[in-house]
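Novice: Below is input_9.cif; it holds mmCIF, C-alpha atoms.
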data_start
#
loop_
_atom_site.group_PDB
_atom_site.id
_atom_site.type_symbol
_atom_site.label_atom_id
_atom_site.label_comp_id
_atom_site.auth_asym_id
_atom_site.auth_seq_id
_atom_site.Cartn_x
_atom_site.Cartn_y
_atom_site.Cartn_z
ATOM 1 C CA MET L 28 0.000 0.000 0.000
ATOM 2 C CA THR L 29 1.091 3.555 -0.649
ATOM 3 C CA GLY L 30 0.231 6.535 1.495
ATOM 4 C CA ILE L 31 0.881 10.211 2.053
ATOM 5 C CA PHE L 32 2.999 10.522 5.176
ATOM 6 C CA GLN L 33 4.421 13.238 7.379
ATOM 7 C CA LYS L 34 7.748 12.736 9.091
ATOM 8 C CA SER L 35 6.396 13.691 12.508
ATOM 9 C CA THR L 36 3.610 15.444 14.392
ATOM 10 C CA PRO L 37 4.152 18.897 15.950
ATOM 11 C CA TYR L 38 3.082 17.557 19.354
ATOM 12 C CA GLU L 39 3.869 14.513 21.453
ATOM 13 C CA VAL L 40 1.157 11.998 20.587
ATOM 14 C CA SER L 41 1.734 9.972 23.769
ATOM 15 C CA ALA L 42 0.782 13.026 25.848
ATOM 16 C CA GLN L 43 -2.958 12.599 25.278
ATOM 17 C CA THR L 44 -5.167 13.793 28.117
ATOM 18 C CA ARG L 45 -8.644 12.886 29.291
ATOM 19 C CA LEU L 46 -11.377 13.682 26.773
ATOM 20 C CA PRO L 47 -12.171 16.210 25.485
ATOM 21 C CA GLY L 48 -8.543 17.272 26.199
ATOM 22 C CA ILE L 49 -8.964 20.882 25.118
ATOM 23 C CA ALA L 50 -6.294 23.588 25.388
ATOM 24 C CA PRO L 51 -6.122 27.269 24.325
ATOM 25 C CA LEU L 52 -4.712 28.060 20.879
ATOM 26 C CA ASP L 53 -3.003 31.198 19.607
ATOM 27 C CA PRO L 54 -5.227 32.397 16.714
ATOM 28 C CA ALA L 55 -2.093 32.923 14.608
ATOM 29 C CA ASP L 56 -1.344 29.180 14.870
ATOM 30 C CA TRP L 57 -4.696 27.967 13.584
ATOM 31 C CA LEU L 58 -3.970 26.567 10.088
ATOM 32 C CA MET L 59 -0.826 24.637 9.218
ATOM 33 C CA VAL L 60 1.404 23.877 6.246
ATOM 34 C CA ASP L 61 3.511 20.748 6.805
ATOM 35 C CA ASP L 62 5.861 18.515 4.833
ATOM 36 C CA ALA L 63 2.967 16.607 3.208
ATOM 37 C CA PHE L 64 1.230 19.760 1.970
ATOM 38 C CA GLY L 65 1.651 19.268 -1.784
ATOM 39 C CA ALA L 66 0.715 15.588 -1.759
ATOM 40 C CA GLN L 67 -2.272 16.069 0.546
ATOM 41 C CA MET L 68 -3.545 18.975 -1.546
ATOM 42 C CA ALA L 69 -3.289 16.886 -4.713
ATOM 43 C CA GLU L 70 -5.346 14.168 -3.010
ATOM 44 C CA ARG L 71 -7.905 16.745 -1.887
ATOM 45 C CA GLU L 72 -8.205 17.997 -5.453
ATOM 46 C CA ARG L 73 -8.732 14.444 -6.717
ATOM 47 C CA LEU L 74 -11.440 13.745 -4.151
ATOM 48 C CA LEU L 75 -13.234 17.023 -4.827
ATOM 49 C CA ARG L 76 -13.151 16.246 -8.542
ATOM 50 C CA GLU L 77 -14.098 12.570 -8.407
ATOM 51 C CA ARG L 78 -16.122 12.249 -5.176
ATOM 52 C CA ARG L 79 -17.429 15.719 -4.451
ATOM 53 C CA ASP L 80 -20.780 14.497 -3.124
ATOM 54 C CA ASP L 81 -18.921 12.300 -0.607
ATOM 55 C CA VAL L 82 -16.594 15.009 0.707
ATOM 56 C CA LEU L 83 -18.603 18.252 0.569
ATOM 57 C CA ALA L 84 -22.034 19.223 1.863
ATOM 58 C CA VAL L 85 -23.774 22.515 2.638
ATOM 59 C CA THR L 86 -27.261 22.787 4.105
ATOM 60 C CA PRO L 87 -29.424 25.839 3.422
ATOM 61 C CA GLU L 88 -28.868 26.879 7.044
ATOM 62 C CA GLY L 89 -25.102 26.705 6.586
ATOM 63 C CA ARG L 90 -24.712 28.927 3.519
ATOM 64 C CA ALA L 91 -24.163 32.196 5.366
ATOM 65 C CA ALA L 92 -21.559 30.667 7.677
ATOM 66 C CA ALA L 93 -19.807 28.993 4.720
ATOM 67 C CA ALA L 94 -19.542 32.344 2.960
ATOM 68 C CA GLU L 95 -18.179 33.970 6.108
ATOM 69 C CA LEU L 96 -15.688 31.150 6.633
ATOM 70 C CA LEU L 97 -14.196 31.613 3.163
ATOM 71 C CA GLU L 98 -13.585 35.327 3.786
ATOM 72 C CA PHE L 99 -12.255 34.553 7.264
ATOM 73 C CA VAL L 100 -9.738 32.036 5.890
ATOM 74 C CA LEU L 101 -8.632 34.351 3.090
ATOM 75 C CA ASP L 102 -7.982 37.109 5.619
ATOM 76 C CA TRP L 103 -6.219 34.700 7.982
ATOM 77 C CA LEU L 104 -3.934 33.394 5.241
ATOM 78 C CA ALA L 105 -3.034 36.919 4.145
ATOM 79 C CA ARG L 106 -2.108 37.894 7.720
ATOM 80 C CA HIS L 107 -0.570 34.724 9.124
ATOM 81 C CA SER L 108 0.712 32.440 6.358
ATOM 82 C CA PRO L 109 3.503 34.003 4.278
ATOM 83 C CA GLY L 110 3.637 30.958 2.000
ATOM 84 C CA TYR L 111 0.331 32.053 0.465
ATOM 85 C CA ASP L 112 -0.114 34.920 -2.000
ATOM 86 C CA VAL L 113 -3.693 36.098 -1.471
ATOM 87 C CA ALA L 114 -5.620 38.345 -3.853
ATOM 88 C CA ALA L 115 -9.341 39.099 -4.087
ATOM 89 C CA ASP L 116 -10.063 36.520 -6.793
ATOM 90 C CA ARG L 117 -7.206 34.035 -6.571
ATOM 91 C CA VAL L 118 -4.730 32.517 -4.132
ATOM 92 C CA ARG L 119 -1.304 31.078 -4.866
ATOM 93 C CA ARG L 120 -0.613 28.219 -2.457
ATOM 94 C CA PRO L 121 2.786 27.357 -0.955
ATOM 95 C CA ASP L 122 3.155 24.538 -3.520
ATOM 96 C CA GLY L 123 2.824 27.027 -6.384
ATOM 97 C CA VAL L 124 -0.726 26.052 -7.382
ATOM 98 C CA THR L 125 -3.109 28.958 -8.030
ATOM 99 C CA VAL L 126 -6.692 28.530 -6.801
ATOM 100 C CA GLN L 127 -9.478 30.690 -8.169
ATOM 101 C CA VAL L 128 -11.736 32.052 -5.431
ATOM 102 C CA ASP L 129 -15.322 31.029 -6.181
ATOM 103 C CA ARG L 130 -17.618 32.763 -3.731
ATOM 104 C CA ASP L 131 -20.553 30.773 -5.081
ATOM 105 C CA ASP L 132 -18.745 27.633 -3.861
ATOM 106 C CA PRO L 133 -17.105 28.646 -0.588
ATOM 107 C CA MET L 134 -16.575 25.166 0.867
ATOM 108 C CA GLY L 135 -15.247 23.833 -2.439
ATOM 109 C CA THR L 136 -12.813 26.738 -2.659
ATOM 110 C CA LEU L 137 -11.660 26.114 0.894
ATOM 111 C CA GLY L 138 -11.108 22.459 0.100
ATOM 112 C CA HIS L 139 -8.569 23.511 -2.531
ATOM 113 C CA LEU L 140 -6.877 26.122 -0.328
ATOM 114 C CA VAL L 141 -5.829 24.461 2.931
ATOM 115 C CA GLN L 142 -4.842 21.043 4.281
ATOM 116 C CA GLU L 143 -7.483 21.173 6.996
ATOM 117 C CA ASP L 144 -10.920 19.665 6.669
ATOM 118 C CA LEU L 145 -13.453 22.254 7.831
ATOM 119 C CA CYS L 146 -16.800 21.596 9.505
ATOM 120 C CA LEU L 147 -19.308 24.286 10.485
ATOM 121 C CA MET L 148 -21.355 23.738 13.645
ATOM 122 C CA GLU L 149 -24.304 26.063 14.403
ATOM 123 C CA LYS L 150 -26.552 26.150 17.452
ATOM 124 C CA GLN L 151 -30.062 24.924 16.746
ATOM 125 C CA GLY L 152 -32.149 24.457 19.851
ATOM 126 C CA GLU L 153 -30.078 22.835 22.589
ATOM 127 C CA GLU L 154 -27.277 21.458 20.420
ATOM 128 C CA HIS L 155 -24.834 22.442 17.715
ATOM 129 C CA VAL L 156 -25.653 20.966 14.308
ATOM 130 C CA LEU L 157 -23.308 20.204 11.405
ATOM 131 C CA THR L 158 -24.525 22.627 8.727
ATOM 132 C CA ALA L 159 -21.650 22.545 6.206
ATOM 133 C CA ALA L 160 -18.360 20.740 5.677
ATOM 134 C CA VAL L 161 -15.554 19.902 3.338
ATOM 135 C CA LEU L 162 -14.295 16.566 4.665
ATOM 136 C CA CYS L 163 -11.768 14.932 2.355
ATOM 137 C CA PHE L 164 -10.009 12.856 5.007
ATOM 138 C CA PRO L 165 -12.688 11.299 7.249
ATOM 139 C CA ALA L 166 -11.351 9.010 9.960
ATOM 140 C CA SER L 167 -14.023 6.318 10.020
ATOM 141 C CA TRP L 168 -17.128 8.437 9.527
ATOM 142 C CA ARG L 169 -19.267 9.393 6.562
ATOM 143 C CA LEU L 170 -20.280 12.990 5.903
ATOM 144 C CA ALA L 171 -23.588 12.039 4.272
ATOM 145 C CA ASN L 172 -24.673 10.387 7.536
ATOM 146 C CA LYS L 173 -23.694 13.353 9.727
ATOM 147 C CA ILE L 174 -24.643 16.495 7.793
ATOM 148 C CA GLY L 175 -27.615 18.238 9.393
ATOM 149 C CA GLN L 176 -27.224 16.187 12.586
ATOM 150 C CA PRO L 177 -26.544 17.408 16.148
ATOM 151 C CA LEU L 178 -23.412 16.624 18.132
ATOM 152 C CA THR L 179 -24.891 13.658 19.988
ATOM 153 C CA THR L 180 -25.977 11.960 16.750
ATOM 154 C CA ILE L 181 -22.691 12.752 15.027
ATOM 155 C CA HIS L 182 -20.769 10.891 17.732
ATOM 156 C CA VAL L 183 -22.843 7.694 17.508
ATOM 157 C CA PRO L 184 -21.459 5.018 17.895
ATOM 158 C CA VAL L 185 -18.358 6.379 19.702
ATOM 159 C CA GLU L 186 -18.331 4.278 22.874
ATOM 160 C CA VAL L 187 -16.711 6.884 25.152
ATOM 161 C CA TYR L 188 -19.187 9.588 24.079
ATOM 162 C CA ASP L 189 -21.540 9.126 27.031
ATOM 163 C CA ASP L 190 -23.988 11.690 28.418
ATOM 164 C CA ALA L 191 -21.375 13.319 30.640
ATOM 165 C CA LEU L 192 -18.905 13.775 27.773
ATOM 166 C CA ALA L 193 -21.699 15.010 25.507
ATOM 167 C CA ARG L 194 -22.524 17.729 28.032
ATOM 168 C CA ARG L 195 -18.861 18.757 28.287
ATOM 169 C CA VAL L 196 -18.488 18.956 24.505
ATOM 170 C CA GLN L 197 -21.691 20.979 24.166
ATOM 171 C CA ARG L 198 -20.460 23.401 26.838
ATOM 172 C CA LEU L 199 -17.212 23.688 24.897
ATOM 173 C CA PHE L 200 -19.028 24.726 21.715
ATOM 174 C CA ASP L 201 -21.285 27.067 23.674
ATOM 175 C CA GLY L 202 -18.339 28.697 25.412
ATOM 176 C CA VAL L 203 -15.712 29.168 22.695
ATOM 177 C CA GLN L 204 -15.131 32.879 22.107
ATOM 178 C CA VAL L 205 -14.205 34.893 19.027
ATOM 179 C CA GLU L 206 -10.398 35.188 18.741
ATOM 180 C CA ARG L 207 -9.950 32.615 21.523
ATOM 181 C CA PRO L 208 -9.826 29.259 19.700
ATOM 182 C CA LEU L 209 -9.216 25.896 21.321
ATOM 183 C CA TRP L 210 -7.471 22.727 20.175
ATOM 184 C CA ARG L 211 -6.940 19.048 20.921
ATOM 185 C CA PHE L 212 -5.522 15.997 19.181
ATOM 186 C CA ASN L 213 -6.257 12.314 18.933
ATOM 187 C CA ALA L 214 -4.292 9.241 17.917
ATOM 188 C CA LEU L 215 -5.603 6.206 16.052
ATOM 189 C CA HIS L 216 -3.890 3.210 14.503
ATOM 190 C CA TYR L 217 -4.968 1.989 11.083
ATOM 191 C CA ALA L 218 -4.116 -0.946 8.842
ATOM 192 C CA ASP L 219 -4.822 1.086 5.694
ATOM 193 C CA PRO L 220 -2.844 4.298 4.998
ATOM 194 C CA ALA L 221 -5.593 5.859 2.837
ATOM 195 C CA LEU L 222 -6.584 9.340 3.996
ATOM 196 C CA PHE L 223 -10.162 8.996 2.721
ATOM 197 C CA GLN L 224 -11.650 6.422 5.100
ATOM 198 C CA PRO L 225 -15.409 6.806 5.399
ATOM 199 C CA GLU L 226 -17.309 4.303 7.492
ATOM 200 C CA THR L 227 -20.807 3.643 8.766
ATOM 201 C CA ARG L 228 -22.055 1.649 11.724
ATOM 202 C CA ASP L 229 -22.977 -1.117 9.251
ATOM 203 C CA GLU L 230 -19.492 -1.013 7.687
ATOM 204 C CA PRO L 231 -17.071 -1.100 10.650
ATOM 205 C CA ARG L 232 -13.366 -0.501 10.202
ATOM 206 C CA THR L 233 -11.611 -3.813 9.721
ATOM 207 C CA ASP L 234 -7.999 -4.874 10.117
ATOM 208 C CA ASP L 235 -6.976 -5.933 6.609
ATOM 209 C CA ALA L 236 -3.286 -6.321 7.493
ATOM 210 C CA GLY L 237 -3.491 -9.507 9.499
ATOM 211 C CA GLY L 238 -3.779 -7.812 12.875
ATOM 212 C CA ALA L 239 -1.035 -5.227 12.304
ATOM 213 C CA TYR L 240 -2.184 -1.612 12.549
ATOM 214 C CA LEU L 241 0.958 -0.148 11.075
ATOM 215 C CA TYR L 242 -0.053 3.480 10.564
ATOM 216 C CA LEU L 243 -0.511 6.162 13.189
ATOM 217 C CA ARG L 244 -3.186 8.662 12.235
ATOM 218 C CA SER L 245 -3.460 11.763 14.402
ATOM 219 C CA GLU L 246 -5.856 14.670 13.968
ATOM 220 C CA ARG L 247 -5.089 18.171 15.218
ATOM 221 C CA GLN L 248 -8.611 19.446 15.878
ATOM 222 C CA CYS L 249 -9.356 23.118 16.479
ATOM 223 C CA VAL L 250 -12.562 24.936 17.388
ATOM 224 C CA LEU L 251 -13.043 28.645 16.766
ATOM 225 C CA ARG L 252 -16.013 30.978 16.498
ATOM 226 C CA LEU L 253 -16.797 33.162 13.504
ATOM 227 C CA PRO L 254 -17.586 36.743 14.528
ATOM 228 C CA ARG L 255 -20.618 37.496 12.311
ATOM 229 C CA THR L 256 -22.705 34.309 12.074
ATOM 230 C CA ARG L 257 -21.346 33.020 15.410
ATOM 231 C CA ALA L 258 -20.926 29.589 13.831
ATOM 232 C CA CYS L 259 -18.248 27.325 15.282
ATOM 233 C CA VAL L 260 -15.554 26.057 12.939
ATOM 234 C CA PHE L 261 -14.224 22.569 13.664
ATOM 235 C CA SER L 262 -10.989 22.152 11.701
ATOM 236 C CA ILE L 263 -9.111 18.875 11.279
ATOM 237 C CA HIS L 264 -5.466 18.651 10.212
ATOM 238 C CA THR L 265 -4.612 14.999 9.527
ATOM 239 C CA PHE L 266 -1.170 13.558 10.159
ATOM 240 C CA LEU L 267 -0.206 10.079 9.015
ATOM 241 C CA LEU L 268 2.990 8.357 10.141
ATOM 242 C CA ALA L 269 4.273 5.040 8.811
ATOM 243 C CA GLY L 270 5.491 2.296 11.117
ATOM 244 C CA ALA L 271 4.326 4.140 14.245
#
Give the structure from this file in structure tokens form.
Specialist:
Amino acid sequence: MTGIFQKSTPYEVSAQTRLPGIAPLDPADWLMVDDAFGAQMAERERLLRERRDDVLAVTPEGRAAAAELLEFVLDWLARHSPGYDVAADRVRRPDGVTVQVDRDDPMGTLGHLVQEDLCLMEKQGEEHVLTAAVLCFPASWRLANKIGQPLTTIHVPVEVYDDALARRVQRLFDGVQVERPLWRFNALHYADPALFQPETRDEPRTDDAGGAYLYLRSERQCVLRLPRTRACVFSIHTFLLAGA
């Protein structure tokens, strides 16, 4: 099997803390460019071209937040990421690829701009609901099953996501403040190095390498709040290490 690997993670994976394991994040450190940038971006482009309906979804309720998120990211890249050349209608990425800014397709544009998968969570009633996402690298979940669903449904069937943890996560999304983002990371071992790994409860992840989960997959997950729509952005930067 072939895969797209980083050489390391920017944090010590063995230092995981009790869920949800959240820590403050400097807003200037939100998005990342790592040593797998070019290869991951090429894979994102392929998925958006060949499997767009599997990796991108926007509900009617999420359109305003998606539009705001695109402008937010463009501004963030211009201020904090010198590897990007940002103009009003196009962006030159650190790998030299130029992306046209399509404001009629904000989540699709974002999927071509940054390594992170981006999910928009908006408060509806008592819970935050997934209203839009570009999710090219799902770690054992399927966007079509989660879009439009609240946090508790999204986390089915995660065994550790009990009522107490659900309340803590909901308080986290309720409490995150503009310009005061939060972050955490996880660590999972996989037998398959593919970055696109959707799964449903009826299609559980299987060990197809004879019991050897050879690949460490770690997600750097950040939560921030958009200032205008007040939507929460859940960003996922995926690291994959071989032989870990």
Novice: Which residue, L:Val250, L:Val161, L:Ile181, L:Ile174, has the smallest gap to Leu74 (chain L) when you use all atoms listed in the file?
Specialist: L:Val161
Novice: Would you please work out which residue, of L:Ser108, L:Asn213, L:Gln176, L:Ser41, is nearest to Val141 (chain L) when using only C-alpha atoms?
Specialist: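 Smallest distance to Val141 (chain L) is found for L:Ser108.
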Novice: Taking the file above as input, evaluate the PyMOL selection byres ((chain L and resi 152) around 12) and report the hits as a ChimeraX atom specification.
Specialist: /L:149-151,153-156,177-178,197,201
Novice: Please, what is the axis-aligned box for every listed atom of region 102-114 of chain L with 4 Å on each side, as centre and edge lengths in Å to one decimal, as AutoDock Vina command-line options?
Specialist:
--center_x -2.2 --center_y 34.7 --center_z 2.6 --size_x 19.6 --size_y 15.4 --size_z 21.0
Novice: Give me the residues within 12 Å of Asp61 (chain L) as a list in words, counting all atoms listed in the file and dropping any in the same chain fewer than 4 places off.
Specialist: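 That gives Ile31, Phe32, Gln33, Lys34, Ser35, Thr36, Pro37, Gly65, Ala66, Gln67, Met68, Gly110, Pro121, Asp122, Val141, Gln142, Glu143, His264, Thr265, Phe266 and Leu267 of chain L.
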Novice: Quick check on the file I pasted: which residues fall under the PyMOL selection byres ((chain L and resi 171) around 12)? Write them as a PyMOL selection string.
Specialist: chain L and resi 79-86+157-162+165+168-170+172-176+181+225-227
Novice: Would you output that residue set with C-alpha atoms, as a tab-separated table (two decimals), keeping the file's coordinate frame?
Specialist:
chain	number	residue	atom	x	y	z
L	79	ARG	CA	-17.43	15.72	-4.45
L	80	ASP	CA	-20.78	14.50	-3.12
L	81	ASP	CA	-18.92	12.30	-0.61
L	82	VAL	CA	-16.59	15.01	0.71
L	83	LEU	CA	-18.60	18.25	0.57
L	84	ALA	CA	-22.03	19.22	1.86
L	85	VAL	CA	-23.77	22.52	2.64
L	86	THR	CA	-27.26	22.79	4.11
L	157	LEU	CA	-23.31	20.20	11.40
L	158	THR	CA	-24.52	22.63	8.73
L	159	ALA	CA	-21.65	22.54	6.21
L	160	ALA	CA	-18.36	20.74	5.68
L	161	VAL	CA	-15.55	19.90	3.34
L	162	LEU	CA	-14.30	16.57	4.66
L	165	PRO	CA	-12.69	11.30	7.25
L	168	TRP	CA	-17.13	8.44	9.53
L	169	ARG	CA	-19.27	9.39	6.56
L	170	LEU	CA	-20.28	12.99	5.90
L	172	ASN	CA	-24.67	10.39	7.54
L	173	LYS	CA	-23.69	13.35	9.73
L	174	ILE	CA	-24.64	16.50	7.79
L	175	GLY	CA	-27.62	18.24	9.39
L	176	GLN	CA	-27.22	16.19	12.59
L	181	ILE	CA	-22.69	12.75	15.03
L	225	PRO	CA	-15.41	6.81	5.40
L	226	GLU	CA	-17.31	4.30	7.49
L	227	THR	CA	-20.81	3.64	8.77
Novice: Taking the file as shown, what set of residues would the PyMOL selection byres ((chain L and resi 95-98) around 10) give back, as a PyMOL selection string?
Specialist: chain L and resi 90-94+99-104+115+128-130+132-137+140+145+147+252-260
Novice: What is the CA of Glu72 (chain L) to CA of Ala214 (chain L) distance in Å?
Specialist: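 These two atoms are separated by 25.3 Å.
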Novice: Taking all atoms listed in the file into account, which of L:Gly30, L:Gln204, L:Asp53, L:Glu88 comes nearest Met148 (chain L)?
Specialist: L:Glu88
Novice: Could you tell me how far CA of Gln224 (chain L) sits from CA of Asp62 (chain L), in Å to one decimal place?
Specialist: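 Here the two named atoms are 21.3 Å from each other.
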